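Peer 1: Quick one: the structure is below, and I'll ask about it shortly.
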Amino acid sequence: MTKTVATTRALRSLTALLAAHVVSQTGNVVTLFAVPFYVLATGGTGIEVGTAAFFATAPVIIGGPLGGVVVDRIGYRRASILADLISGVTVLAIPVLALTIGLPFWGLLALVFLSGLLDTPGQTARRVLLPAFSAEAHVRLERSVGFLDGAERLARLLGAPLGGILIAGIGPLNALFVNAGTFALSAIITWLFVARPLTGERMPAAAELPANDGYWSALAGGFRFVTRDPLLRAVVLLVLVTNVFDAARGSSLLPLYAHDSLGGAAAFGVLVAVMGGGALLGTVVFGFFAHRLPRRVTFSVCFALAGGPSLFAFAAGLPFPWLIAATALSGVAAGAVNPILGTVELERVPEGMRARVFGLINAGAWAGVPAGALLGGIGADTVGLQASFFIIGVLYVVVTLLPLGIPVFREMEPRPFSQHAPAA
């Protein structure tokens, strides 16, 4: 295969991979809308909304690390397709059961949990395909990681108004039929248009994933890698804490605030879309200047802005246009955060270990998300919505500015190619 043909092939596959990610993540956004508003429509309380969010996010902690080893073994392209198909079936079961034999609250929780169990491994599979396609297509890794994060932001931009319109027009249960269709479409796009990288989907060195290495041994190797890397440990701890705040805000407080003060799902959809649109803009702009900016300072300052302004705006009970403006500012700032983290992780982790290591990183970072979603619902029912927004805002800003004073975060800066990651 000539160099030009290989480059064209890689660019086509990279584009299809991003398209599949947009479609799949758009479906996830619809679920983000449909589940809490279905709970509210059936007379649910704030605590029940938080409980449903808990069961929607808990699978990340389990499915990320346990599925990561499987993804490393069966191949990233195949894992992405299977994850979409299985998630789609479980999502489809929610409206089918609710509209036929009935769906008790515990059944909803079980299906929400199952639908998210393979979602994280599927996302991880698409992410670890990036370096091979980027190298073949001669695209900077920072830029391709930014493209993938931008795809997630675009999904929020598209999925938020779509979710709001669907719920207002046909109801939350019928909206889940659309969600199931997005998973199927994502799987089809990957199957038809994402080729296997010429360098191989998996390139584990013998020391990284021996042929006779057992499942639990491979998982333990990924765990050792994460725990021996000081920067990865610090990143996991930082994102774990901020994800608690984000889960409380996005999974519980915002839907409740929209329901109580802004007229319902449509306003919630506008806010999520504005956040996604701002983040998409921030990701695109950051992609062009990423290699010129100091990573640590950019990461910390943008992280603080991603939470503070919007949280304090809701705490103050500002009019809706001001809420939109504050959310847009936070979105633009957030656009720089994930591309930096994604690039750092891809630079530090050997290819043969990426799925399981990323699964473990995601599990650690998301460990507080279920609790955060539940605490958001509890906070709304106890101290009130605005007080909860204010408390989270103060903590968010303080925590995200810590990397400016912690030496280990200096390792976020680009590493020379001769410098190797710690052994597993």
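We label chains A, B, ... in the order they appear in the structure tokens, count residues from 1 in each chain, and number ligands from 1 in the order shown.
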So which bits of stretch 60-211 of chain A end up alpha helix (DSSP H) when you DSSP the backbone, as a PyMOL selection string?

Peer 2: chain A and resi 60-74+76-99+105-117+119-128+130-137+141-170+172-193

Peer 1: Determine, for each residue of stretch 172-191 of chain A having at least one atom at most 6 Å from an atom of stretch 20-37 of chain A, the closest pair of atoms and their separation in Å to one decimal, counting only C-alpha atoms; order by chain and ascending number, as JSON lines.

Peer 2:
```
{"residue": "A:Pro172", "atom": "CA", "partner": "A:Ala34", "partner_atom": "CA", "distance": 4.5}
{"residue": "A:Asn179", "atom": "CA", "partner": "A:Gly27", "partner_atom": "CA", "distance": 4.4}
{"residue": "A:Thr182", "atom": "CA", "partner": "A:Gly27", "partner_atom": "CA", "distance": 5.5}
{"residue": "A:Phe183", "atom": "CA", "partner": "A:Ser24", "partner_atom": "CA", "distance": 5.3}
{"residue": "A:Ser186", "atom": "CA", "partner": "A:Ala20", "partner_atom": "CA", "distance": 4.5}
{"residue": "A:Ile189", "atom": "CA", "partner": "A:Ala20", "partner_atom": "CA", "distance": 5.8}
```

Peer 1: Tell me which protein, DNA and RNA residues are within 8 Å of A:Ala58, counting only C-alpha atoms, leaving out same-chain ones fewer than 2 positions away, and put them as a list in words.

Peer 2: Phe54, Phe55, Ala56, Val60, Ile61, Ile62, Phe113, Ala367, Val369 and Pro370 of chain A

Peer 1: Can you spit out the residues from that selection as a short mmCIF file (atom, residue, chain, number, x, y, z; two decimals), in the first residue's frame, using all heavy atoms?

Peer 2:
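Once everything was written out, this is out04.cif:
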```cif
data_model
loop_
_atom_site.label_atom_id
_atom_site.label_comp_id
_atom_site.auth_asym_id
_atom_site.auth_seq_id
_atom_site.Cartn_x
_atom_site.Cartn_y
_atom_site.Cartn_z
N PHE A 54 -27.13 7.64 40.19
CA PHE A 54 -26.13 6.77 40.81
C PHE A 54 -25.98 5.47 40.02
O PHE A 54 -24.88 5.04 39.69
CB PHE A 54 -26.56 6.47 42.25
CG PHE A 54 -25.65 5.52 42.99
CD1 PHE A 54 -24.65 6.00 43.82
CD2 PHE A 54 -25.79 4.14 42.86
CE1 PHE A 54 -23.81 5.13 44.51
CE2 PHE A 54 -24.96 3.26 43.53
CZ PHE A 54 -23.97 3.76 44.36
N PHE A 55 -27.09 4.84 39.68
CA PHE A 55 -27.04 3.57 38.95
C PHE A 55 -26.62 3.77 37.49
O PHE A 55 -26.15 2.82 36.85
CB PHE A 55 -28.39 2.87 39.03
CG PHE A 55 -28.58 2.08 40.29
CD1 PHE A 55 -28.99 2.71 41.46
CD2 PHE A 55 -28.34 0.72 40.32
CE1 PHE A 55 -29.16 1.99 42.63
CE2 PHE A 55 -28.50 -0.01 41.49
CZ PHE A 55 -28.91 0.63 42.65
N ALA A 56 -26.78 4.97 36.97
CA ALA A 56 -26.34 5.23 35.60
C ALA A 56 -24.84 5.43 35.52
O ALA A 56 -24.22 5.12 34.49
CB ALA A 56 -27.06 6.47 35.05
N VAL A 60 -19.46 2.73 35.25
CA VAL A 60 -18.14 3.18 34.81
C VAL A 60 -17.05 2.61 35.70
O VAL A 60 -15.98 2.20 35.23
CB VAL A 60 -18.08 4.73 34.82
CG1 VAL A 60 -16.69 5.22 34.45
CG2 VAL A 60 -19.11 5.30 33.86
N ILE A 61 -17.34 2.55 37.00
CA ILE A 61 -16.35 2.08 37.96
C ILE A 61 -16.08 0.60 37.78
O ILE A 61 -14.96 0.12 37.96
CB ILE A 61 -16.84 2.37 39.40
CG1 ILE A 61 -17.10 3.87 39.56
CG2 ILE A 61 -15.84 1.89 40.43
CD1 ILE A 61 -17.78 4.25 40.86
N ILE A 62 -17.11 -0.14 37.39
CA ILE A 62 -16.97 -1.58 37.22
C ILE A 62 -16.56 -1.92 35.78
O ILE A 62 -15.61 -2.66 35.54
CB ILE A 62 -18.28 -2.28 37.57
CG1 ILE A 62 -18.66 -1.98 39.02
CG2 ILE A 62 -18.18 -3.78 37.34
CD1 ILE A 62 -20.04 -2.47 39.42
N PHE A 113 -28.29 0.54 34.85
CA PHE A 113 -26.96 0.03 35.21
C PHE A 113 -26.38 -0.82 34.09
O PHE A 113 -25.23 -0.64 33.68
CB PHE A 113 -27.07 -0.79 36.50
CG PHE A 113 -25.76 -1.34 36.98
CD1 PHE A 113 -24.95 -0.60 37.81
CD2 PHE A 113 -25.33 -2.61 36.59
CE1 PHE A 113 -23.74 -1.10 38.26
CE2 PHE A 113 -24.12 -3.13 37.03
CZ PHE A 113 -23.32 -2.37 37.87
N ALA A 367 -15.03 7.19 40.45
CA ALA A 367 -15.46 6.48 41.66
C ALA A 367 -16.42 7.32 42.50
O ALA A 367 -17.29 6.78 43.18
CB ALA A 367 -14.24 6.07 42.50
N VAL A 369 -18.51 9.62 41.24
CA VAL A 369 -19.65 10.12 40.48
C VAL A 369 -20.99 9.60 41.00
O VAL A 369 -21.92 10.39 41.19
CB VAL A 369 -19.48 9.80 38.98
CG1 VAL A 369 -20.76 10.09 38.20
CG2 VAL A 369 -18.32 10.61 38.40
N PRO A 370 -21.13 8.30 41.23
CA PRO A 370 -22.43 7.84 41.77
C PRO A 370 -22.79 8.52 43.08
O PRO A 370 -23.94 8.94 43.28
CB PRO A 370 -22.21 6.33 41.95
CG PRO A 370 -21.13 5.98 40.98
CD PRO A 370 -20.22 7.16 40.98
#
```

Peer 1: Would you mind reading off the distance between atom CA of A:Phe245 and atom CA of A:Ala306, one decimal, in Å?

Peer 2: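 Distance between the two atoms: 11.6 Å.
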
Peer 1: Write out as an MDAnalysis selection string each polymer residue whose atoms come within 9 Å of A:Gly250, counting only C-alpha atoms; drop sequence neighbours fewer than 2 positions from it.

Peer 2: chainID A and resid 32 245:248 252:255 272 373 376

Peer 1: Save out the residues we just selected, N, CA, C and O atoms, as a PDB file, in the first residue's frame.

Peer 2:
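Below is the file that was written, result.pdb:
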```
ATOM      1  N   LEU A  32     -29.393  10.949  29.387  1.00  0.00           N
ATOM      2  CA  LEU A  32     -29.203  11.890  30.488  1.00  0.00           C
ATOM      3  C   LEU A  32     -30.465  12.701  30.743  1.00  0.00           C
ATOM      4  O   LEU A  32     -30.804  13.012  31.893  1.00  0.00           O
ATOM      5  N   PHE A 245     -18.394  16.714  42.136  1.00  0.00           N
ATOM      6  CA  PHE A 245     -19.102  17.990  41.994  1.00  0.00           C
ATOM      7  C   PHE A 245     -19.881  18.041  40.683  1.00  0.00           C
ATOM      8  O   PHE A 245     -21.029  18.501  40.639  1.00  0.00           O
ATOM      9  N   ASP A 246     -19.259  17.586  39.600  1.00  0.00           N
ATOM     10  CA  ASP A 246     -19.921  17.619  38.293  1.00  0.00           C
ATOM     11  C   ASP A 246     -21.159  16.726  38.278  1.00  0.00           C
ATOM     12  O   ASP A 246     -22.173  17.069  37.662  1.00  0.00           O
ATOM     13  N   ALA A 247     -21.060  15.555  38.931  1.00  0.00           N
ATOM     14  CA  ALA A 247     -22.206  14.647  38.967  1.00  0.00           C
ATOM     15  C   ALA A 247     -23.354  15.255  39.760  1.00  0.00           C
ATOM     16  O   ALA A 247     -24.528  15.144  39.370  1.00  0.00           O
ATOM     17  N   ALA A 248     -23.031  15.879  40.884  1.00  0.00           N
ATOM     18  CA  ALA A 248     -24.080  16.519  41.674  1.00  0.00           C
ATOM     19  C   ALA A 248     -24.762  17.617  40.865  1.00  0.00           C
ATOM     20  O   ALA A 248     -26.000  17.756  40.886  1.00  0.00           O
ATOM     21  N   SER A 252     -28.197  15.791  39.024  1.00  0.00           N
ATOM     22  CA  SER A 252     -29.270  16.018  40.006  1.00  0.00           C
ATOM     23  C   SER A 252     -29.699  17.483  40.079  1.00  0.00           C
ATOM     24  O   SER A 252     -30.864  17.813  39.877  1.00  0.00           O
ATOM     25  N   LEU A 253     -28.746  18.378  40.390  1.00  0.00           N
ATOM     26  CA  LEU A 253     -29.116  19.760  40.657  1.00  0.00           C
ATOM     27  C   LEU A 253     -29.681  20.476  39.435  1.00  0.00           C
ATOM     28  O   LEU A 253     -30.705  21.174  39.527  1.00  0.00           O
ATOM     29  N   LEU A 254     -29.031  20.321  38.273  1.00  0.00           N
ATOM     30  CA  LEU A 254     -29.520  21.020  37.080  1.00  0.00           C
ATOM     31  C   LEU A 254     -30.899  20.539  36.628  1.00  0.00           C
ATOM     32  O   LEU A 254     -31.773  21.373  36.343  1.00  0.00           O
ATOM     33  N   PRO A 255     -31.140  19.207  36.535  1.00  0.00           N
ATOM     34  CA  PRO A 255     -32.501  18.796  36.172  1.00  0.00           C
ATOM     35  C   PRO A 255     -33.553  19.289  37.164  1.00  0.00           C
ATOM     36  O   PRO A 255     -34.644  19.708  36.752  1.00  0.00           O
ATOM     37  N   VAL A 272     -27.505  22.550  28.604  1.00  0.00           N
ATOM     38  CA  VAL A 272     -26.550  21.500  28.246  1.00  0.00           C
ATOM     39  C   VAL A 272     -25.978  21.753  26.856  1.00  0.00           C
ATOM     40  O   VAL A 272     -24.790  21.547  26.601  1.00  0.00           O
ATOM     41  N   ALA A 373     -23.841  12.160  42.393  1.00  0.00           N
ATOM     42  CA  ALA A 373     -25.212  12.270  41.886  1.00  0.00           C
ATOM     43  C   ALA A 373     -26.224  12.113  43.016  1.00  0.00           C
ATOM     44  O   ALA A 373     -27.213  12.849  43.094  1.00  0.00           O
ATOM     45  N   GLY A 376     -26.101  15.152  45.339  1.00  0.00           N
ATOM     46  CA  GLY A 376     -26.786  16.301  44.753  1.00  0.00           C
ATOM     47  C   GLY A 376     -28.270  16.264  45.046  1.00  0.00           C
ATOM     48  O   GLY A 376     -28.879  17.284  45.401  1.00  0.00           O
TER      49      GLY A 376
END
```

Peer 1: What is the atom CA of A:Val96-atom CA of A:Pro161 distance in Å, reported with one decimal?

Peer 2: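 Computing the Euclidean distance for atom CA of A:Val96 and atom CA of A:Pro161 yields 23.8 Å.
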
Peer 1: My list of candidates is A:Ala98, A:Ala155, A:Leu162, A:Ala110. Which is closest to A:Ala175 when distances are computed with only C-alpha atoms?

Peer 2: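 Of A:Ala98, A:Ala155, A:Leu162, A:Ala110, the one nearest A:Ala175 is A:Leu162, counting only C-alpha atoms.
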
Peer 1: Need the shell around A:Ile378: protein/DNA/RNA residues with any atom at most 6 Å away, counting only C-alpha atoms. Skip same-chain ones fewer than 3 positions apart. Format as number ranges by chain?

Peer 2: A: 47, 375, 381

Peer 1: Name all residues at most 8 Å from A:Val274 (count only C-alpha atoms; drop same-chain ones fewer than 3 positions away) and give them as a VMD selection string.

Peer 2: chain A and resid 157 270 to 271 277 to 278 324 327 to 328 331

Peer 1: Write a file of the just-selected residues containing N, CA, C and O atoms, as a PDB file, in the first residue's frame.

Peer 2:
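Saved file out27.pdb follows:
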```
ATOM      1  N   LEU A 157     -23.913  19.157  22.276  1.00  0.00           N
ATOM      2  CA  LEU A 157     -24.556  20.265  21.580  1.00  0.00           C
ATOM      3  C   LEU A 157     -25.761  19.784  20.787  1.00  0.00           C
ATOM      4  O   LEU A 157     -26.810  20.438  20.754  1.00  0.00           O
ATOM      5  N   VAL A 270     -31.340  23.551  26.673  1.00  0.00           N
ATOM      6  CA  VAL A 270     -30.610  24.733  26.218  1.00  0.00           C
ATOM      7  C   VAL A 270     -29.297  24.879  26.978  1.00  0.00           C
ATOM      8  O   VAL A 270     -28.239  25.137  26.377  1.00  0.00           O
ATOM      9  N   LEU A 271     -29.344  24.690  28.291  1.00  0.00           N
ATOM     10  CA  LEU A 271     -28.134  24.847  29.106  1.00  0.00           C
ATOM     11  C   LEU A 271     -27.079  23.804  28.759  1.00  0.00           C
ATOM     12  O   LEU A 271     -25.891  24.119  28.619  1.00  0.00           O
ATOM     13  N   GLY A 277     -21.726  23.402  23.299  1.00  0.00           N
ATOM     14  CA  GLY A 277     -21.272  24.266  22.219  1.00  0.00           C
ATOM     15  C   GLY A 277     -20.054  25.080  22.612  1.00  0.00           C
ATOM     16  O   GLY A 277     -19.103  25.226  21.830  1.00  0.00           O
ATOM     17  N   GLY A 278     -20.069  25.619  23.834  1.00  0.00           N
ATOM     18  CA  GLY A 278     -18.903  26.361  24.302  1.00  0.00           C
ATOM     19  C   GLY A 278     -17.676  25.483  24.395  1.00  0.00           C
ATOM     20  O   GLY A 278     -16.567  25.869  24.011  1.00  0.00           O
ATOM     21  N   ILE A 324     -27.157  31.349  30.874  1.00  0.00           N
ATOM     22  CA  ILE A 324     -26.631  30.901  29.582  1.00  0.00           C
ATOM     23  C   ILE A 324     -25.221  31.450  29.370  1.00  0.00           C
ATOM     24  O   ILE A 324     -24.311  30.726  28.934  1.00  0.00           O
ATOM     25  N   THR A 327     -22.742  29.687  31.663  1.00  0.00           N
ATOM     26  CA  THR A 327     -22.553  28.315  31.196  1.00  0.00           C
ATOM     27  C   THR A 327     -21.679  28.280  29.952  1.00  0.00           C
ATOM     28  O   THR A 327     -20.831  27.384  29.793  1.00  0.00           O
ATOM     29  N   ALA A 328     -21.862  29.241  29.057  1.00  0.00           N
ATOM     30  CA  ALA A 328     -21.039  29.306  27.846  1.00  0.00           C
ATOM     31  C   ALA A 328     -19.572  29.533  28.193  1.00  0.00           C
ATOM     32  O   ALA A 328     -18.676  28.896  27.609  1.00  0.00           O
ATOM     33  N   GLY A 331     -18.157  26.410  29.511  1.00  0.00           N
ATOM     34  CA  GLY A 331     -17.996  25.453  28.426  1.00  0.00           C
ATOM     35  C   GLY A 331     -16.743  25.691  27.622  1.00  0.00           C
ATOM     36  O   GLY A 331     -15.992  24.748  27.313  1.00  0.00           O
TER      37      GLY A 331
END
```

Peer 1: Any idea what the distance is between atom CA of A:Ala187 and atom CA of A:Leu82?

Peer 2: 7.5 Å
